[in-house]
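Colleague: First the structure, then my questions, so here it is.
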Amino acid sequence: MPANLTVNHLAKSYPDAAGGRKTIIEDFTFHVPKGSFVTILGGNGCGKSTLLRCLCGMEEPDSGEILINGEASSRLGRVGLVSQEINLFSWRTALENAAFGLEVQGMPKARRLELATAYLKAFGLGDHLHHYPREMSGGQRQKTAIARTLVSAPDIILMDEPFSALDYHTRTGLQCFLLQLWAKLRETILFVTHEVEEAVFLSDYILVINPIPSSIKKIVKVDLPRPRIRTSREVMELSARVLTLYGAGSCLGDMELRKALEILARHKQERESEV
Ligand SMILES: Nc1ncnc2c1ncn2[C@@H]1O[C@H](COP(=O)(O)OP(=O)(O)OP(=O)(O)O)[C@@H](O)[C@H]1O
Ligand SMILES: [Mg+2]
């Protein structure tokens with residue numbers, strides 16, 4: 001059953017090289033309503049994956065609470081993660097990969113293969129059930145990884161930049177596919193990205209994150225009707241507003257760039273003089 005998720009004052013640090021600790025997440029407080037699609041938008045290294053690992057119980061936060069339907073009970077089996085790297089087992093077929101979570105849960109073989117087959121077919125992978133990851137495209141592998149998480153019917157689905165390594169057409173196709181699936185299942189989804197356009201296209205709410213030690217800069221409600229059109233004025237206007245909040249990247253400093261070019265030129269000269 002879809003559930004809601006509440007995070008109260010979560011903080012997380014890691015040991016640093018000097019023997020102290022480095023704060024990664026300073027203070028996250030937010031609520032993901034049941035059946036909603038919430039996106040975390042933040043730059044590289046601001047602690048997005050760290051947060052998801054805390055939420056699914058792979059790591060412990062230093063402090064703060066994580067509540068599912070208002071309760072702090074075990075999150076094991078209730079929270080499913082589609083991780084940032086597609087980590088399918090290379091020695092398992094798409095079907096065996098998709099059924100893995102059910103196998104861990106102890107579901108009998110015939111039942112788990114039936115369920116995983118039904119999911120993969122719904123994902124348009126009926127012709128790839130017995131293919132190994134190396135025999136599938138990036139998009140097909142990603143769909144298999146998503147199917148593997150969904151088939152276990154978690155109460156809350158965490159997705160860590162699941163489409164970031166894919167080309168534009170595969171990525172936008174999978175975004176639409178995910179929204180269709182969500183419209184049917186009404187699962188609670190917490191989705192991580194650093195693409196403003198992706199966040200606006202998908203979400204009910206966007207949490208814009210500050211760099212480390214990270215905190216929530218702003219929660220933006222995306223009050224646009226669905227299905228959304230990427231090129232519509234409303235979507236583009238909101239994207240521009242979120243981009244202003246998020247901030248554009250700055251260029252390498254003049255000094256650093258000049259230094260890098262000098263070193264490059266020296267290397268080139270040395271290589272040429274060796275020939
Ligand atoms: N196990 C660890 N030990 C020490 N430092 C870590 C560990 N895991 C992550 N970090 C540090 O925590 C910070 C946040 O890492 P994290 O992977 O959560 O970032 P992210 O927001 O997911 O970045 P990206 O967009 O690149 O995926 C980084 O500076 C990283 O080096
Ligand atoms: Mg990450």
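Starting from 1 in every chain, residues are counted up; chains themselves are A, B, ... following the order of the structure tokens, and ligands are numbered from 1 as listed.
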Collect all residues with atoms no farther than 12 Å from ligand 1, counting only C-alpha atoms and all ligand atoms, and output them as a PDB file with C-alpha atoms, in the first residue's frame.

Modeller:
```pdb
ATOM      1  CA  LYS A  12      24.426  13.044   8.320  1.00  0.00           C
ATOM      2  CA  SER A  13      28.212  13.367   8.407  1.00  0.00           C
ATOM      3  CA  TYR A  14      31.128  11.182   7.282  1.00  0.00           C
ATOM      4  CA  PRO A  15      34.666  10.857   8.697  1.00  0.00           C
ATOM      5  CA  ASP A  16      37.097  13.258   7.012  1.00  0.00           C
ATOM      6  CA  ALA A  17      40.816  12.900   6.225  1.00  0.00           C
ATOM      7  CA  GLY A  19      40.244  12.598  11.690  1.00  0.00           C
ATOM      8  CA  GLY A  20      37.141  14.724  12.253  1.00  0.00           C
ATOM      9  CA  ARG A  21      33.777  14.529  10.574  1.00  0.00           C
ATOM     10  CA  LYS A  22      32.422  16.380   7.570  1.00  0.00           C
ATOM     11  CA  THR A  23      28.780  17.362   7.627  1.00  0.00           C
ATOM     12  CA  ILE A  24      27.059  16.398   4.389  1.00  0.00           C
ATOM     13  CA  ILE A  25      23.413  16.902   5.328  1.00  0.00           C
ATOM     14  CA  GLU A  26      22.897  19.638   7.877  1.00  0.00           C
ATOM     15  CA  ILE A  40      14.853  16.355  -4.927  1.00  0.00           C
ATOM     16  CA  LEU A  41      16.800  18.766  -7.113  1.00  0.00           C
ATOM     17  CA  GLY A  42      20.422  19.355  -6.204  1.00  0.00           C
ATOM     18  CA  GLY A  43      23.901  19.555  -7.690  1.00  0.00           C
ATOM     19  CA  ASN A  44      26.688  16.943  -7.603  1.00  0.00           C
ATOM     20  CA  GLY A  45      27.825  15.995  -4.125  1.00  0.00           C
ATOM     21  CA  CYS A  46      25.090  17.747  -2.123  1.00  0.00           C
ATOM     22  CA  GLY A  47      24.064  14.499  -0.432  1.00  0.00           C
ATOM     23  CA  LYS A  48      21.109  13.260  -2.498  1.00  0.00           C
ATOM     24  CA  SER A  49      22.268   9.636  -2.677  1.00  0.00           C
ATOM     25  CA  THR A  50      23.325   9.805   0.968  1.00  0.00           C
ATOM     26  CA  LEU A  51      19.784  10.865   1.878  1.00  0.00           C
ATOM     27  CA  LEU A  52      18.243   7.992  -0.111  1.00  0.00           C
ATOM     28  CA  ARG A  53      20.608   5.479   1.504  1.00  0.00           C
ATOM     29  CA  CYS A  54      19.460   6.746   4.912  1.00  0.00           C
ATOM     30  CA  MET A  58      21.343   1.207   4.073  1.00  0.00           C
ATOM     31  CA  GLU A  59      22.909   3.864   6.309  1.00  0.00           C
ATOM     32  CA  GLU A  60      22.038   5.444   9.640  1.00  0.00           C
ATOM     33  CA  SER A  83      19.926   3.157  -7.420  1.00  0.00           C
ATOM     34  CA  GLN A  84      22.046   5.652  -9.375  1.00  0.00           C
ATOM     35  CA  GLU A  85      24.107   2.926 -11.066  1.00  0.00           C
ATOM     36  CA  MET A 159      14.673   6.710  -7.545  1.00  0.00           C
ATOM     37  CA  ASP A 160      18.228   8.048  -7.683  1.00  0.00           C
ATOM     38  CA  GLU A 161      18.821   9.803 -11.024  1.00  0.00           C
ATOM     39  CA  PRO A 162      17.529   6.731 -12.847  1.00  0.00           C
ATOM     40  CA  SER A 164      20.717  10.569 -16.098  1.00  0.00           C
ATOM     41  CA  ALA A 165      23.005   8.315 -18.168  1.00  0.00           C
ATOM     42  CA  PHE A 191      12.869  11.022  -7.277  1.00  0.00           C
ATOM     43  CA  VAL A 192      16.362  12.527  -7.360  1.00  0.00           C
ATOM     44  CA  THR A 193      17.668  14.577 -10.255  1.00  0.00           C
ATOM     45  CA  HIS A 194      19.862  17.555 -11.128  1.00  0.00           C
ATOM     46  CA  GLU A 195      17.850  18.374 -14.264  1.00  0.00           C
ATOM     47  CA  VAL A 208      15.572  22.541  -4.154  1.00  0.00           C
ATOM     48  CA  ILE A 209      18.698  21.628  -2.178  1.00  0.00           C
ATOM     49  CA  ASN A 210      21.595  23.871  -1.119  1.00  0.00           C
ATOM     50  CA  PRO A 211      25.199  22.632  -1.577  1.00  0.00           C
ATOM     51  CA  ILE A 212      26.893  20.907   1.417  1.00  0.00           C
ATOM     52  CA  PRO A 213      26.419  21.163   4.302  1.00  0.00           C
ATOM     53  CA  SER A 214      23.070  20.771   2.628  1.00  0.00           C
ATOM     54  CA  SER A 215      19.641  21.912   3.628  1.00  0.00           C
TER      55      SER A 215
END
```

Colleague: Any chance you could list, as a PyMOL selection string, the residues in segment 26-261 of chain A that come up helix (DSSP H, G or I) when DSSP is run on the backbone?

Modeller: chain A and resi 48-55+94-98+100-104+109-122+126-128+133-135+138-150+168-185+196-202+233-246+254-261

Colleague: May I have the residues from that selection written out with C-alpha atoms, as a tab-separated table (two decimals), in the first residue's frame?

Modeller:
```tsv
chain	number	residue	atom	x	y	z
A	48	LYS	CA	21.11	13.26	-2.50
A	49	SER	CA	22.27	9.64	-2.68
A	50	THR	CA	23.32	9.80	0.97
A	51	LEU	CA	19.78	10.87	1.88
A	52	LEU	CA	18.24	7.99	-0.11
A	53	ARG	CA	20.61	5.48	1.50
A	54	CYS	CA	19.46	6.75	4.91
A	55	LEU	CA	15.80	6.55	3.88
A	94	ALA	CA	16.39	-9.88	-17.19
A	95	LEU	CA	13.74	-12.18	-15.68
A	96	GLU	CA	16.07	-13.54	-12.98
A	97	ASN	CA	17.19	-9.98	-12.18
A	98	ALA	CA	13.64	-8.66	-11.97
A	100	PHE	CA	15.63	-11.08	-7.36
A	101	GLY	CA	13.83	-9.03	-4.67
A	102	LEU	CA	11.01	-11.58	-4.53
A	103	GLU	CA	13.58	-14.37	-4.18
A	104	VAL	CA	15.10	-12.56	-1.20
A	109	LYS	CA	10.01	-19.78	-7.69
A	110	ALA	CA	6.99	-20.33	-9.94
A	111	ARG	CA	5.10	-17.41	-8.34
A	112	ARG	CA	8.01	-14.99	-8.49
A	113	LEU	CA	8.79	-15.79	-12.11
A	114	GLU	CA	5.12	-15.35	-13.02
A	115	LEU	CA	5.01	-11.95	-11.31
A	116	ALA	CA	8.33	-10.73	-12.72
A	117	THR	CA	7.33	-11.90	-16.21
A	118	ALA	CA	4.07	-9.94	-15.99
A	119	TYR	CA	5.96	-6.78	-14.94
A	120	LEU	CA	8.63	-7.08	-17.62
A	121	LYS	CA	5.96	-7.61	-20.27
A	122	ALA	CA	4.12	-4.50	-19.02
A	126	GLY	CA	8.54	-9.43	-23.31
A	127	ASP	CA	11.14	-10.25	-25.97
A	128	HIS	CA	14.05	-9.77	-23.56
A	133	PRO	CA	22.25	-7.34	-19.29
A	134	ARG	CA	25.04	-7.24	-21.91
A	135	GLU	CA	22.46	-8.17	-24.57
A	138	GLY	CA	20.80	1.04	-21.58
A	139	GLY	CA	17.09	1.90	-21.59
A	140	GLN	CA	16.10	-1.79	-21.43
A	141	ARG	CA	18.51	-2.38	-18.55
A	142	GLN	CA	17.10	0.65	-16.73
A	143	LYS	CA	13.53	-0.59	-17.21
A	144	THR	CA	14.59	-3.99	-15.83
A	145	ALA	CA	16.08	-2.28	-12.77
A	146	ILE	CA	12.87	-0.27	-12.22
A	147	ALA	CA	10.75	-3.43	-12.66
A	148	ARG	CA	12.92	-5.22	-10.08
A	149	THR	CA	12.08	-2.53	-7.51
A	150	LEU	CA	8.38	-2.18	-8.36
A	168	TYR	CA	17.50	12.54	-24.63
A	169	HIS	CA	14.94	10.36	-26.44
A	170	THR	CA	15.32	7.35	-24.15
A	171	ARG	CA	15.23	9.62	-21.10
A	172	THR	CA	12.10	11.54	-22.08
A	173	GLY	CA	10.43	8.28	-23.21
A	174	LEU	CA	11.12	6.68	-19.83
A	175	GLN	CA	9.88	9.80	-18.01
A	176	CYS	CA	6.52	9.47	-19.83
A	177	PHE	CA	6.47	5.74	-19.15
A	178	LEU	CA	7.10	6.32	-15.44
A	179	LEU	CA	4.30	8.90	-15.27
A	180	GLN	CA	1.86	6.50	-16.96
A	181	LEU	CA	2.80	3.79	-14.49
A	182	TRP	CA	2.46	6.19	-11.55
A	183	ALA	CA	-0.95	7.39	-12.78
A	184	LYS	CA	-2.16	3.76	-12.65
A	185	LEU	CA	-0.48	2.59	-9.43
A	196	VAL	CA	15.44	21.28	-13.73
A	197	GLU	CA	13.32	20.35	-16.76
A	198	GLU	CA	12.95	16.75	-15.55
A	199	ALA	CA	11.89	17.93	-12.09
A	200	VAL	CA	9.22	20.29	-13.45
A	201	PHE	CA	7.91	17.73	-15.96
A	202	LEU	CA	7.51	14.96	-13.38
A	233	ARG	CA	4.69	28.32	-21.75
A	234	GLU	CA	3.69	27.27	-18.20
A	235	VAL	CA	6.31	24.50	-18.01
A	236	MET	CA	9.04	26.74	-19.43
A	237	GLU	CA	8.17	29.65	-17.16
A	238	LEU	CA	8.24	27.46	-14.08
A	239	SER	CA	11.51	25.84	-15.23
A	240	ALA	CA	13.03	29.31	-15.54
A	241	ARG	CA	11.82	30.19	-12.03
A	242	VAL	CA	13.23	26.97	-10.55
A	243	LEU	CA	16.49	27.48	-12.45
A	244	THR	CA	16.84	30.91	-10.86
A	245	LEU	CA	16.43	29.32	-7.42
A	246	TYR	CA	18.79	26.46	-8.27
A	254	ASP	CA	40.47	32.57	-15.12
A	255	MET	CA	43.57	31.59	-13.13
A	256	GLU	CA	42.74	27.87	-13.05
A	257	LEU	CA	41.95	27.84	-16.75
A	258	ARG	CA	45.18	29.62	-17.68
A	259	LYS	CA	47.17	27.18	-15.54
A	260	ALA	CA	45.46	24.13	-17.08
A	261	LEU	CA	46.16	25.46	-20.60
```

Colleague: What is the distance between atom CA of Asn87 of chain A and atom CA of Asp62 of chain A, in Å to one decimal?

Modeller: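 Distance between the two atoms: 27.3 Å.
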
Colleague: Please report the interatomic distance between atom CA of Ala72 of chain A and atom CA of Ser203 of chain A in Å with one decimal.

Modeller: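 Atom-to-atom, atom CA of Ala72 of chain A and atom CA of Ser203 of chain A are spaced 25.8 Å apart.
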
Colleague: Taking only segment 65-226 of chain A into account, list the residues labelled strand (DSSP E or B) by DSSP (computed from the backbone), as a ChimeraX atom specification.

Modeller: /A:65-68,71,79-82,156-160,188-193,205-209,214-221

Colleague: Select, from A:Pro154, A:Pro61, A:Pro2, A:Gly247, the residue with the minimum atom-to-atom distance to Gly35 of chain A, counting only C-alpha atoms.

Modeller: A:Pro2

Colleague: Between A:Val82, A:Leu125, A:Ala18, A:Ala3, which is the closest to ligand 2 once you count only C-alpha atoms and all ligand atoms?

Modeller: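 Selected residue with least distance to ligand 2: A:Val82.
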